[in-house]
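upload-v4.txt follows; it contains compact mmCIF, C-alpha atoms and all ligand atoms.
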# COMPACT_ATOMS: atom_id res chain seq x y z
CA MET A 1 77.71 144.42 83.86
CA SER A 2 75.70 143.99 80.71
CA GLY A 3 73.64 140.98 79.81
CA ILE A 4 73.31 139.10 83.10
CA ARG A 5 73.35 135.36 82.30
CA LEU A 6 70.81 133.75 84.60
CA GLY A 7 70.43 130.05 85.32
CA VAL A 8 67.02 128.98 86.63
CA VAL A 9 66.06 125.88 88.58
CA GLY A 10 62.30 125.35 88.26
CA TYR A 11 61.10 127.72 85.54
CA GLY A 12 57.47 127.81 86.71
CA GLY A 13 54.75 130.43 86.85
CA ARG A 14 56.14 132.61 89.65
CA ILE A 15 59.77 132.84 88.57
CA SER A 16 58.99 133.29 84.88
CA GLY A 17 56.64 136.13 85.85
CA MET A 18 59.41 137.74 87.91
CA ILE A 19 62.04 137.34 85.19
CA GLN A 20 59.89 138.47 82.27
CA GLY A 21 58.44 141.29 84.39
CA VAL A 22 60.40 143.05 87.11
CA PHE A 23 63.86 141.53 86.52
CA ARG A 24 63.80 142.80 82.95
CA GLU A 25 62.37 146.10 84.10
CA ILE A 26 65.56 146.63 86.11
CA ALA A 27 68.00 144.82 83.78
CA ALA A 28 66.56 144.88 80.26
CA ASP A 29 69.32 142.73 78.80
CA LEU A 30 69.14 139.97 81.43
CA GLN A 31 68.97 136.60 79.69
CA VAL A 32 67.91 133.18 80.88
CA THR A 33 70.65 131.00 79.42
CA ALA A 34 70.32 127.76 81.38
CA ILE A 35 67.46 125.87 83.01
CA VAL A 36 66.97 122.80 85.16
CA ASP A 37 63.33 121.68 85.01
CA PRO A 38 61.90 118.23 84.32
CA ASP A 39 58.99 119.78 82.41
CA GLU A 40 60.88 121.03 79.36
CA ALA A 41 57.72 121.30 77.25
CA GLY A 42 56.02 123.46 79.87
CA VAL A 43 59.09 125.68 80.19
CA ARG A 44 59.37 126.10 76.40
CA ALA A 45 55.70 127.06 76.26
CA ARG A 46 56.28 129.70 78.95
CA LEU A 47 59.35 131.06 77.16
CA ASP A 48 57.49 131.20 73.86
CA ALA A 49 54.50 132.93 75.43
CA ALA A 50 56.81 135.51 77.03
CA ALA A 51 58.64 136.03 73.75
CA ALA A 52 55.36 136.45 71.88
CA GLY A 53 54.20 138.94 74.51
CA ARG A 54 57.34 140.97 73.98
CA GLY A 55 56.95 141.01 70.23
CA TRP A 56 59.69 138.66 69.09
CA ALA A 57 60.04 134.93 68.66
CA ARG A 58 62.40 132.94 70.86
CA ASP A 59 64.88 132.62 68.02
CA GLY A 60 64.17 136.05 66.56
CA GLY A 61 65.72 139.45 67.32
CA GLY A 62 65.87 141.31 70.64
CA VAL A 63 67.04 139.92 73.97
CA ALA A 64 65.68 136.41 73.65
CA ASP A 65 66.13 133.63 76.17
CA ASP A 66 68.30 131.11 74.34
CA VAL A 67 68.40 128.36 76.90
CA VAL A 68 70.29 125.15 77.41
CA PHE A 69 68.61 122.55 79.61
CA HIS A 70 70.79 120.83 82.22
CA ARG A 71 70.11 117.69 84.21
CA ASP A 72 70.92 119.21 87.61
CA VAL A 73 72.10 122.35 89.33
CA ASP A 74 75.74 121.21 89.64
CA ALA A 75 75.99 120.54 85.90
CA MET A 76 74.33 123.87 85.17
CA ILE A 77 76.75 125.80 87.37
CA LYS A 78 79.75 123.91 85.96
CA ASP A 79 78.88 124.34 82.28
CA GLY A 80 76.53 127.31 82.18
CA HIS A 81 78.97 130.29 82.45
CA LEU A 82 76.40 131.95 84.67
CA ASP A 83 76.35 135.28 86.48
CA ALA A 84 73.50 134.34 88.80
CA LEU A 85 71.03 131.67 89.80
CA ALA A 86 67.28 131.73 90.50
CA VAL A 87 65.28 128.99 92.21
CA GLY A 88 61.56 128.85 91.42
CA THR A 89 60.65 125.24 92.14
CA ARG A 90 57.83 124.38 94.49
CA CYS A 91 58.40 124.75 98.21
CA ASN A 92 59.87 121.37 99.19
CA PHE A 93 62.75 121.65 96.68
CA HIS A 94 64.00 125.10 97.72
CA THR A 95 66.35 123.82 100.42
CA PRO A 96 68.06 120.98 98.52
CA ILE A 97 68.80 123.27 95.60
CA ALA A 98 69.92 126.19 97.76
CA VAL A 99 72.25 123.84 99.68
CA ARG A 100 73.93 123.00 96.34
CA ALA A 101 74.07 126.68 95.42
CA ALA A 102 75.73 127.53 98.75
CA GLN A 103 78.82 125.59 97.63
CA HIS A 104 79.38 128.20 94.93
CA SER A 105 79.51 131.97 94.95
CA LEU A 106 76.86 132.79 92.37
CA PRO A 107 74.29 135.35 93.56
CA LEU A 108 71.04 133.52 94.29
CA PHE A 109 67.37 134.48 94.04
CA LEU A 110 65.46 132.02 96.21
CA GLU A 111 61.69 131.57 96.40
CA LYS A 112 59.94 131.25 99.74
CA PRO A 113 59.45 129.37 101.97
CA VAL A 114 63.18 128.63 101.98
CA ALA A 115 62.54 125.36 103.85
CA VAL A 116 59.50 123.26 104.78
CA ASP A 117 60.63 121.43 107.92
CA MET A 118 63.20 121.69 110.71
CA LYS A 119 65.62 119.26 109.08
CA GLN A 120 65.68 121.33 105.90
CA ALA A 121 65.92 124.65 107.76
CA LYS A 122 68.89 123.51 109.84
CA ALA A 123 70.59 122.04 106.76
CA LEU A 124 70.13 125.34 104.96
CA GLU A 125 71.55 127.31 107.87
CA THR A 126 74.57 125.04 108.03
CA ALA A 127 75.11 125.22 104.26
CA PHE A 128 75.24 129.02 104.33
CA GLU A 129 77.56 129.31 107.34
CA GLY A 130 80.77 130.64 105.85
CA SER A 131 79.41 130.37 102.31
CA SER A 132 80.30 133.09 99.82
CA CYS A 133 76.89 132.65 98.17
CA LYS A 134 74.64 135.66 98.83
CA ALA A 135 70.91 135.21 98.47
CA VAL A 136 67.89 137.43 97.91
CA VAL A 137 64.93 135.67 99.54
CA SER A 138 61.69 136.38 97.71
CA PHE A 139 59.90 138.39 100.42
CA PRO A 140 58.19 141.21 98.51
CA LEU A 141 56.17 142.46 101.48
CA ARG A 142 59.16 143.41 103.63
CA VAL A 143 60.69 145.49 100.84
CA SER A 144 57.42 146.99 99.57
CA PRO A 145 57.45 150.80 99.76
CA LEU A 146 54.51 150.86 102.21
CA CYS A 147 56.23 148.54 104.68
CA GLU A 148 59.50 150.44 104.29
CA LEU A 149 57.67 153.69 105.07
CA ALA A 150 56.09 152.16 108.17
CA ARG A 151 59.50 150.96 109.35
CA GLN A 152 60.99 154.39 108.72
CA TYR A 153 58.34 156.08 110.89
CA ILE A 154 58.82 153.49 113.64
CA GLU A 155 62.60 154.01 113.52
CA GLU A 156 62.07 157.78 113.75
CA GLY A 157 60.10 157.25 116.98
CA ALA A 158 56.50 157.58 115.76
CA VAL A 159 55.29 155.02 118.32
CA GLY A 160 58.11 155.26 120.88
CA ASP A 161 59.28 151.74 121.68
CA PRO A 162 57.02 149.34 119.75
CA VAL A 163 55.18 147.27 122.34
CA HIS A 164 52.44 145.59 120.35
CA VAL A 165 51.53 144.61 116.80
CA ALA A 166 48.23 143.36 115.41
CA ALA A 167 48.40 141.95 111.90
CA THR A 168 45.71 140.53 109.65
CA ASN A 169 45.72 138.75 106.34
CA TYR A 170 42.30 138.12 104.79
CA VAL A 171 43.29 136.38 101.57
CA PRO A 172 40.71 136.96 98.80
CA TYR A 173 42.36 134.44 96.43
CA GLY A 174 42.64 131.63 99.01
CA THR A 175 40.82 129.02 96.89
CA VAL A 176 44.17 128.22 95.20
CA TYR A 177 45.18 126.35 98.35
CA TRP A 178 42.52 123.70 97.68
CA GLU A 179 42.13 123.67 93.90
CA ALA A 180 45.73 124.08 92.72
CA ALA A 181 48.95 122.20 93.42
CA TYR A 182 49.27 124.06 96.75
CA ARG A 183 46.77 121.57 98.17
CA ASP A 184 49.46 118.90 98.12
CA TYR A 185 50.47 118.96 101.78
CA ASP A 186 53.74 117.14 101.12
CA VAL A 187 54.78 120.13 99.02
CA THR A 188 53.44 123.07 101.03
CA HIS A 189 53.40 121.72 104.62
CA GLY A 190 50.50 124.00 105.52
CA LEU A 191 49.68 127.66 105.32
CA PHE A 192 51.90 129.04 108.08
CA LEU A 193 54.88 128.04 105.91
CA GLN A 194 53.17 128.86 102.65
CA LYS A 195 51.66 132.21 103.56
CA ALA A 196 52.65 133.47 107.01
CA THR A 197 56.35 133.18 106.16
CA HIS A 198 55.94 136.58 104.46
CA ASP A 199 54.03 138.10 107.35
CA PHE A 200 56.25 136.81 110.14
CA ASP A 201 59.21 138.18 108.20
CA TYR A 202 57.83 141.70 107.77
CA LEU A 203 56.54 141.75 111.37
CA MET A 204 60.05 140.97 112.66
CA TYR A 205 61.36 143.74 110.42
CA LEU A 206 58.83 146.28 111.72
CA MET A 207 59.41 145.33 115.35
CA GLY A 208 63.19 145.30 114.79
CA GLN A 209 63.63 141.95 116.55
CA PRO A 210 62.91 138.24 116.17
CA ILE A 211 59.82 136.33 117.25
CA VAL A 212 60.97 134.06 120.09
CA ARG A 213 57.80 132.27 121.20
CA VAL A 214 54.55 131.38 119.47
CA ALA A 215 51.14 130.06 120.46
CA ALA A 216 48.99 129.20 117.48
CA THR A 217 45.75 127.59 116.51
CA ALA A 218 44.25 126.48 113.22
CA THR A 219 40.75 125.68 111.99
CA ARG A 220 40.57 123.05 109.26
CA GLY A 221 37.90 121.18 107.39
CA HIS A 222 35.05 123.58 108.27
CA ILE A 223 34.96 124.96 104.75
CA TYR A 224 37.41 123.38 102.34
CA GLY A 225 38.44 119.76 102.08
CA GLY A 226 35.91 116.95 102.33
CA ASP A 227 34.90 113.61 100.94
CA LYS A 228 34.32 114.31 97.27
CA PRO A 229 36.11 111.79 95.06
CA ALA A 230 39.82 112.07 94.24
CA GLY A 231 40.56 113.93 91.04
CA LEU A 232 37.03 115.35 90.75
CA ARG A 233 36.67 118.40 88.49
CA CYS A 234 33.70 120.70 88.08
CA SER A 235 33.15 119.35 84.56
CA ALA A 236 32.38 115.90 86.01
CA CYS A 237 30.38 117.09 89.02
CA ASP A 238 26.58 117.09 89.23
CA GLU A 239 26.51 119.84 91.90
CA VAL A 240 27.81 122.71 89.79
CA GLY A 241 24.38 124.38 89.86
CA GLU A 242 24.45 124.96 93.62
CA CYS A 243 28.19 124.85 94.39
CA LEU A 244 29.47 128.39 95.04
CA GLU A 245 32.88 127.34 93.68
CA SER A 246 31.68 126.19 90.26
CA PRO A 247 32.95 128.29 87.34
CA GLN A 248 29.44 129.47 86.50
CA ASN A 249 28.64 130.56 90.07
CA ARG A 250 32.01 132.28 90.52
CA ARG A 251 31.34 134.13 87.28
CA HIS A 252 27.77 134.96 88.30
CA ASN A 253 28.77 136.09 91.80
CA SER A 254 32.03 137.83 90.81
CA SER A 255 33.54 135.93 93.72
CA GLY A 256 37.00 135.44 92.24
CA GLY A 257 39.07 132.30 91.71
CA SER A 258 39.49 130.38 88.49
CA THR A 259 36.49 130.44 86.20
CA ALA A 260 37.92 127.59 84.14
CA ASP A 261 37.13 123.96 84.86
CA HIS A 262 39.04 123.24 88.09
CA LEU A 263 39.72 120.62 90.73
CA CYS A 264 37.14 120.22 93.53
CA LEU A 265 37.94 122.14 96.72
CA PHE A 266 35.95 119.60 98.74
CA SER A 267 37.85 116.53 97.61
CA VAL A 268 39.72 113.88 99.60
CA ASP A 269 42.77 115.04 97.62
CA CYS A 270 42.94 118.11 99.87
CA GLY A 271 44.05 115.87 102.75
CA GLU A 272 42.69 115.38 106.25
CA GLY A 273 43.58 115.99 109.90
CA HIS A 274 46.72 118.08 110.33
CA ARG A 275 47.59 117.36 106.69
CA LEU A 276 44.89 119.66 105.31
CA ASN A 277 45.48 123.35 104.63
CA GLU A 278 43.75 125.43 107.27
CA ASP A 279 40.63 127.54 106.52
CA ALA A 280 42.02 130.06 108.99
CA SER A 281 44.93 130.12 111.43
CA SER A 282 46.22 132.56 114.01
CA ALA A 283 49.30 133.06 116.14
CA LEU A 284 50.22 134.93 119.29
CA LEU A 285 53.77 136.17 118.80
CA GLU A 286 56.25 137.06 121.52
CA PHE A 287 59.23 139.14 120.47
CA ALA A 288 62.73 139.07 121.95
CA ASP A 289 62.21 142.06 124.29
CA GLY A 290 58.88 140.75 125.64
CA SER A 291 56.66 142.87 123.41
CA HIS A 292 54.02 140.82 121.65
CA GLY A 293 51.52 140.71 118.83
CA MET A 294 48.99 138.64 116.98
CA TYR A 295 48.66 137.53 113.39
CA THR A 296 45.61 135.98 111.82
CA GLN A 297 45.14 134.63 108.31
CA VAL A 298 41.76 133.79 106.76
CA PHE A 299 41.60 131.95 103.45
CA PHE A 300 37.89 132.00 102.65
CA ALA A 301 37.64 135.82 102.42
CA ARG A 302 36.42 137.05 99.04
CA ARG A 303 36.11 140.24 97.07
CA ASP A 304 36.30 143.42 99.16
CA ALA A 305 37.00 141.38 102.32
CA GLY A 306 40.69 141.24 101.30
CA THR A 307 42.97 143.01 103.76
CA ARG A 308 46.61 142.59 104.71
CA GLY A 309 48.61 144.77 107.01
CA ALA A 310 49.51 145.62 110.58
CA ASN A 311 49.11 148.12 113.38
CA VAL A 312 52.29 148.70 115.38
CA SER A 313 51.82 150.65 118.57
CA GLY A 314 53.71 151.98 121.54
CA TYR A 315 53.10 154.55 124.28
CA LEU A 316 53.65 157.50 121.95
CA GLY A 317 51.59 156.47 118.96
CA SER A 318 50.56 153.93 116.40
CA VAL A 319 51.47 153.27 112.77
CA SER A 320 49.09 151.13 110.76
CA PHE A 321 48.83 150.24 107.09
CA ASP A 322 46.97 148.04 104.68
CA TRP A 323 48.42 146.89 101.36
CA TYR A 324 44.97 146.47 99.78
CA THR A 325 43.94 150.07 100.41
CA ASP A 326 47.57 151.22 99.99
CA GLU A 327 47.14 153.48 102.98
CA LEU A 328 49.24 154.24 106.04
CA LYS A 329 47.95 155.98 109.17
CA ARG A 330 49.96 157.56 111.95
CA VAL A 331 48.30 158.56 115.18
CA ARG A 332 50.06 160.59 117.88
CA HIS A 333 48.71 159.35 121.20
CA HIS A 334 49.60 162.53 123.10
CA ALA A 335 48.99 165.29 120.59
CA PRO A 336 45.93 166.17 118.52
CA PHE A 337 47.42 165.06 115.20
CA SER A 338 46.83 162.10 112.95
CA ALA A 339 47.99 161.61 109.39
CA VAL A 340 46.84 159.37 106.57
CA GLU A 341 49.10 158.78 103.59
CA LYS A 342 47.94 157.18 100.40
CA ALA A 343 50.39 155.35 98.17
CA SER A 344 49.82 155.60 94.48
CA GLY A 345 50.36 153.09 91.73
CA VAL A 346 49.47 149.49 91.16
CA ALA A 347 52.32 147.01 91.09
CA SER A 348 52.79 143.29 91.70
CA HIS A 349 52.95 142.47 95.38
CA PHE A 350 52.38 146.12 96.22
CA GLY A 351 55.64 147.20 94.57
CA GLY A 352 57.65 144.62 96.49
CA ASP A 353 58.52 142.47 93.48
CA LEU A 354 60.18 145.42 91.78
CA GLU A 355 62.22 146.10 94.93
CA LEU A 356 63.30 142.44 95.06
CA ALA A 357 64.44 142.76 91.44
CA ARG A 358 66.41 145.91 92.32
CA ASP A 359 68.13 144.08 95.18
CA PHE A 360 68.91 141.04 93.04
CA VAL A 361 70.36 143.02 90.14
CA ALA A 362 72.38 145.19 92.55
CA LEU A 363 73.73 142.02 94.19
CA VAL A 364 74.69 140.54 90.82
CA GLU A 365 76.21 143.72 89.44
CA ASN A 366 77.88 145.25 92.50
CA GLY A 367 77.70 142.69 95.29
CA ALA A 368 75.31 145.02 97.18
CA ALA A 369 73.86 143.52 100.36
CA PRO A 370 70.20 142.49 99.87
CA ARG A 371 67.47 143.51 102.31
CA THR A 372 66.18 139.93 102.49
CA PRO A 373 69.32 137.78 102.94
CA ILE A 374 69.14 134.05 103.61
CA GLU A 375 68.97 134.55 107.40
CA THR A 376 65.61 136.33 107.04
CA GLY A 377 64.19 133.38 105.12
CA ILE A 378 65.48 130.84 107.64
CA GLN A 379 64.38 132.87 110.70
CA SER A 380 60.90 133.20 109.27
CA VAL A 381 60.74 129.44 108.66
CA TYR A 382 61.76 128.80 112.28
CA ALA A 383 58.84 131.02 113.41
CA CYS A 384 56.43 129.27 111.01
CA LEU A 385 57.54 125.84 112.21
CA ALA A 386 56.96 126.92 115.82
CA ALA A 387 53.46 128.10 114.86
CA LYS A 388 52.72 124.85 113.07
CA GLN A 389 53.93 122.79 116.01
CA SER A 390 52.05 124.96 118.51
CA ALA A 391 48.78 124.55 116.60
CA GLU A 392 49.29 120.78 116.58
CA LYS A 393 50.30 120.46 120.25
CA GLY A 394 48.11 123.17 121.76
CA ARG A 395 50.92 124.92 123.67
CA PHE A 396 53.48 127.72 123.39
CA VAL A 397 56.57 126.77 121.38
CA ASP A 398 59.98 128.47 121.53
CA VAL A 399 61.32 129.66 118.19
CA ARG A 400 64.78 128.52 117.20
CA LEU A 401 67.01 131.50 116.38
CA VAL A 402 69.45 131.63 113.48
CA GLY A 403 72.93 131.10 114.92
CA GLN A 404 71.63 129.21 117.97
CA VAL A 405 73.81 126.17 118.78
N1 LIG A 501 57.35 135.19 96.80
C1 LIG A 501 56.09 135.17 96.45
O1 LIG A 501 55.37 136.11 96.72
C2 LIG A 501 55.54 133.97 95.73
C3 LIG A 501 54.38 134.06 94.95
C4 LIG A 501 53.93 132.92 94.30
C5 LIG A 501 54.63 131.71 94.45
N2 LIG A 501 55.73 131.68 95.24
C6 LIG A 501 56.50 130.42 95.41
O2 LIG A 501 57.04 130.05 94.18
C7 LIG A 501 57.21 128.65 94.14
C8 LIG A 501 56.78 128.15 92.78
O3 LIG A 501 55.41 128.37 92.58
P1 LIG A 501 54.78 128.37 91.12
O4 LIG A 501 53.37 128.74 91.28
O5 LIG A 501 55.64 129.11 90.19
O6 LIG A 501 54.87 126.80 90.78
P2 LIG A 501 55.01 126.11 89.36
O7 LIG A 501 54.51 124.71 89.51
O8 LIG A 501 54.41 126.96 88.30
O9 LIG A 501 56.59 126.07 89.11
C9 LIG A 501 57.44 125.09 89.64
C10 LIG A 501 58.40 124.65 88.54
O10 LIG A 501 59.38 123.78 89.11
C11 LIG A 501 59.55 122.69 88.21
N3 LIG A 501 60.12 121.56 88.94
C12 LIG A 501 59.48 120.54 89.56
N4 LIG A 501 60.38 119.69 90.11
C13 LIG A 501 61.60 120.17 89.83
C14 LIG A 501 62.91 119.74 90.13
N5 LIG A 501 63.16 118.64 90.86
N6 LIG A 501 63.95 120.50 89.70
C15 LIG A 501 63.74 121.61 88.97
N7 LIG A 501 62.50 122.06 88.64
C16 LIG A 501 61.45 121.36 89.09
C17 LIG A 501 58.18 122.44 87.62
O11 LIG A 501 58.25 121.69 86.42
C18 LIG A 501 57.71 123.88 87.40
O12 LIG A 501 58.11 124.38 86.15
C19 LIG A 501 56.42 128.08 95.30
O13 LIG A 501 57.31 127.59 96.27
C20 LIG A 501 55.64 129.25 95.86
O14 LIG A 501 55.53 129.22 97.26
C21 LIG A 501 56.20 132.78 95.85
What does this structure look like when you write it as structure tokens?
Ligand SMILES: NC(=O)c1ccc[n+]([C@@H]2O[C@H](COP(=O)([O-])OP(=O)(O)OC[C@H]3O[C@@H](n4cnc5c(N)ncnc54)[C@H](O)[C@@H]3O)[C@@H](O)[C@H]2O)c1
Amino acid sequence: MSGIRLGVVGYGGRISGMIQGVFREIAADLQVTAIVDPDEAGVRARLDAAAAGRGWARDGGGVADDVVFHRDVDAMIKDGHLDALAVGTRCNFHTPIAVRAAQHSLPLFLEKPVAVDMKQAKALETAFEGSSCKAVVSFPLRVSPLCELARQYIEEGAVGDPVHVAATNYVPYGTVYWEAAYRDYDVTHGLFLQKATHDFDYLMYLMGQPIVRVAATATRGHIYGGDKPAGLRCSACDEVGECLESPQNRRHNSSGGSTADHLCLFSVDCGEGHRLNEDASSALLEFADGSHGMYTQVFFARRDAGTRGANVSGYLGSVSFDWYTDELKRVRHHAPFSAVEKASGVASHFGGDLELARDFVALVENGAAPRTPIETGIQSVYACLAAKQSAEKGRFVDVRLVGQV
């Protein structure tokens, strides 16, 4: 197929980056022809910036995005003559739009988390039962070459039966969860859904089975959040001299985060109680065969403290990797051999975004089965919701399984 005609719902930062980057890397003549987004001016600015970056104006030569704006997804599918659909809205809109998409057969690229609460997750599962719509869920970690290599070694018996997994995620860019729109709890519903949805997904993939029970805890309000006034920005704050999050101190300390004027991370706007993104949260995970693991995510890590990866072990050996160092280590427990492999290359989401693009284009062009179908997105949400509930109630919570009646 030449010239994939893509309709996009929510043409924001993430999906425009995917389309203008990796989608076009795989399908150079892919065109965005239709968009649903209430912020038409913002979308046009993004399209123009992308066009300028590629050396032609929106209405000039080359493969430009000549888009028609539609009022809703149904109208766009009816009138848009589309080959495929992509959903890049914020988290709480993914389900309602995907439920509409499930009534059609257009291939779908769906951002994560695919749902933000149990009602949405169940509605999404129901909508896709018997649907001819096939989705690629945007889980770059699972399909990243490093994770695929780890899974390959595990499948080949490098650890024997996997019995345990320890996974960490020290997020060095975590300030976005208090200074950007992610701090709106009604949109994100906390950082298990926002962040761990990726990790729970790839952990289930590595272990080859679902998470069935979770015990979790979360620490909130020790670092971020607070009682600074609503809407406060650094430019109006008299503490920028000492505040480690002020643009000048971030610049001076090379501590990362936005160095432009930004919203206060210690503001009442960040929420309170359970409705405040957690500084750190952790989960004990029980898998279907009784093996278990732990996952911990820390959002105040900075600079070289960033790590993300897992150590899967069994009687025969262990396989561990870290996306930040791009390194995988295999240890044979009963022979004097260990091996370290170093991946090369720098790519968005550790090469995972490019793999997602490959899957999506293959689905659109040949109907090829994606590696992250809708069930993976829903199953991960069920595990995240169990973790969220467990942290709130202080007890183990069973994870609903896709297909469970
Ligand atoms: N898979 C990943 O690794 C990854 C990485 C980053 C972000 N994300 C996800 O991508 C999503 C979008 O994040 P972003 O940073 O691009 O946000 P964004 O705010 O830049 O984009 C959201 C877009 O949706 C539009 N929108 C709002 N309401 C709408 C509606 N009712 N219908 C249609 N469009 C609507 C907004 O105008 C905006 O253009 C989030 O859910 C986030 O979790 C995923």
Please tell me which residues are no farther than 7 Å from (66.7, 131.8, 90.1) in the file, counting all atoms listed in the file, and write them as a ChimeraX atom specification. /A:7-9,85-88,108-110
For the contact check between chain A and ligand LIG 501 (chain A), emit one row per residue of chain A within 9 Å, containing the shortest atom pair and the distance in Å rounded to one decimal, counting only C-alpha atoms and all ligand atoms, chain then rising number order, as CSV.
residue,atom,partner,partner_atom,distance
A:Val8,CA,A:LIG501,C15,8.4
A:Val9,CA,A:LIG501,C15,4.9
A:Gly10,CA,A:LIG501,N7,3.3
A:Tyr11,CA,A:LIG501,O12,4.5
A:Gly12,CA,A:LIG501,O9,3.1
A:Gly13,CA,A:LIG501,O5,3.7
A:Arg14,CA,A:LIG501,O5,3.6
A:Ile15,CA,A:LIG501,O5,5.8
A:Ser16,CA,A:LIG501,O5,7.5
A:Gly17,CA,A:LIG501,O5,8.3
A:Ile35,CA,A:LIG501,C15,8.2
A:Val36,CA,A:LIG501,C15,5.1
A:Asp37,CA,A:LIG501,N7,3.7
A:Pro38,CA,A:LIG501,O11,5.5
A:Asp39,CA,A:LIG501,O11,4.5
A:Glu40,CA,A:LIG501,O11,7.6
A:Gly42,CA,A:LIG501,O12,6.7
A:Val43,CA,A:LIG501,O12,6.2
A:Arg71,CA,A:LIG501,N6,8.7
A:Asp72,CA,A:LIG501,N6,7.4
A:Val73,CA,A:LIG501,N6,8.4
A:Val87,CA,A:LIG501,C15,8.2
A:Gly88,CA,A:LIG501,C8,5.0
A:Thr89,CA,A:LIG501,O10,3.6
A:Arg90,CA,A:LIG501,O13,3.7
A:Cys91,CA,A:LIG501,O13,3.6
A:Asn92,CA,A:LIG501,O13,7.3
A:Phe93,CA,A:LIG501,N5,6.6
A:His94,CA,A:LIG501,O13,7.3
A:Ile97,CA,A:LIG501,N6,8.1
A:Leu110,CA,A:LIG501,N1,8.7
A:Glu111,CA,A:LIG501,O2,5.4
A:Lys112,CA,A:LIG501,O14,5.5
A:Pro113,CA,A:LIG501,O14,6.1
A:Val114,CA,A:LIG501,O13,8.3
A:Val137,CA,A:LIG501,N1,8.1
A:Ser138,CA,A:LIG501,N1,4.6
A:Phe139,CA,A:LIG501,N1,5.5
A:Pro140,CA,A:LIG501,O1,6.1
A:Leu141,CA,A:LIG501,O1,8.0
A:Ala181,CA,A:LIG501,O7,7.2
A:Tyr182,CA,A:LIG501,O14,8.1
A:Val187,CA,A:LIG501,O13,8.3
A:Thr188,CA,A:LIG501,O14,7.5
A:Leu193,CA,A:LIG501,O14,8.8
A:Gln194,CA,A:LIG501,O14,5.9
A:Lys195,CA,A:LIG501,O14,8.0
A:His198,CA,A:LIG501,O1,7.8
A:His349,CA,A:LIG501,O1,6.9
A:Gly352,CA,A:LIG501,O1,8.8
A:Asp353,CA,A:LIG501,O1,7.8
If you keep C-alpha atoms, can you produce a file of those selected residues as a CSV table (one decimal), in the coordinates of the input?
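Contents of the output file part_10.csv:
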chain,number,residue,atom,x,y,z
A,8,VAL,CA,67.0,129.0,86.6
A,9,VAL,CA,66.1,125.9,88.6
A,10,GLY,CA,62.3,125.4,88.3
A,11,TYR,CA,61.1,127.7,85.5
A,12,GLY,CA,57.5,127.8,86.7
A,13,GLY,CA,54.8,130.4,86.8
A,14,ARG,CA,56.1,132.6,89.6
A,15,ILE,CA,59.8,132.8,88.6
A,16,SER,CA,59.0,133.3,84.9
A,17,GLY,CA,56.6,136.1,85.8
A,35,ILE,CA,67.5,125.9,83.0
A,36,VAL,CA,67.0,122.8,85.2
A,37,ASP,CA,63.3,121.7,85.0
A,38,PRO,CA,61.9,118.2,84.3
A,39,ASP,CA,59.0,119.8,82.4
A,40,GLU,CA,60.9,121.0,79.4
A,42,GLY,CA,56.0,123.5,79.9
A,43,VAL,CA,59.1,125.7,80.2
A,71,ARG,CA,70.1,117.7,84.2
A,72,ASP,CA,70.9,119.2,87.6
A,73,VAL,CA,72.1,122.4,89.3
A,87,VAL,CA,65.3,129.0,92.2
A,88,GLY,CA,61.6,128.8,91.4
A,89,THR,CA,60.6,125.2,92.1
A,90,ARG,CA,57.8,124.4,94.5
A,91,CYS,CA,58.4,124.8,98.2
A,92,ASN,CA,59.9,121.4,99.2
A,93,PHE,CA,62.8,121.6,96.7
A,94,HIS,CA,64.0,125.1,97.7
A,97,ILE,CA,68.8,123.3,95.6
A,110,LEU,CA,65.5,132.0,96.2
A,111,GLU,CA,61.7,131.6,96.4
A,112,LYS,CA,59.9,131.2,99.7
A,113,PRO,CA,59.4,129.4,102.0
A,114,VAL,CA,63.2,128.6,102.0
A,137,VAL,CA,64.9,135.7,99.5
A,138,SER,CA,61.7,136.4,97.7
A,139,PHE,CA,59.9,138.4,100.4
A,140,PRO,CA,58.2,141.2,98.5
A,141,LEU,CA,56.2,142.5,101.5
A,181,ALA,CA,49.0,122.2,93.4
A,182,TYR,CA,49.3,124.1,96.8
A,187,VAL,CA,54.8,120.1,99.0
A,188,THR,CA,53.4,123.1,101.0
A,193,LEU,CA,54.9,128.0,105.9
A,194,GLN,CA,53.2,128.9,102.6
A,195,LYS,CA,51.7,132.2,103.6
A,198,HIS,CA,55.9,136.6,104.5
A,349,HIS,CA,53.0,142.5,95.4
A,352,GLY,CA,57.6,144.6,96.5
A,353,ASP,CA,58.5,142.5,93.5
Give me, as a ChimeraX atom specification, all polymer residues having an atom no more than 8 Å from Arg371 (chain A), counting all atoms listed in the file and skipping those fewer than 5 positions away in the same chain. /A:136,143,359
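Shortest separation to Ile154 (chain A) among A:Tyr185, A:Leu30, A:His70, A:Ser313 occurs at residue A:Ser313, atoms counted being all atoms listed in the file.
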Using only C-alpha atoms, which residues sit within 7 Å of Ser255 (chain A) once same-chain residues fewer than 4 positions away are excluded, as an NGL selection string? :A and (250 or 302-303)
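Considering the residues A:Ala196, A:Val319, A:Val171, A:Leu6 and counting all atoms listed in the file, Arg151 (chain A) has its shortest atom-to-atom contact with A:Val319.
CA of Cys147 (chain A) is found 26.9 Å from CA of Cys133 (chain A).
The protein and nucleic acid residues lying at most 10 Å from Phe266 (chain A) are A:Trp178, A:Glu179, A:Gly221, A:Ile223, A:Tyr224, A:Gly225, A:Gly226, A:Asp227, A:Lys228, A:Pro229, A:Ala230, A:Leu232, A:Glu245, A:Gly271, with all atoms listed in the file considered and sequence neighbours fewer than 5 positions away removed.
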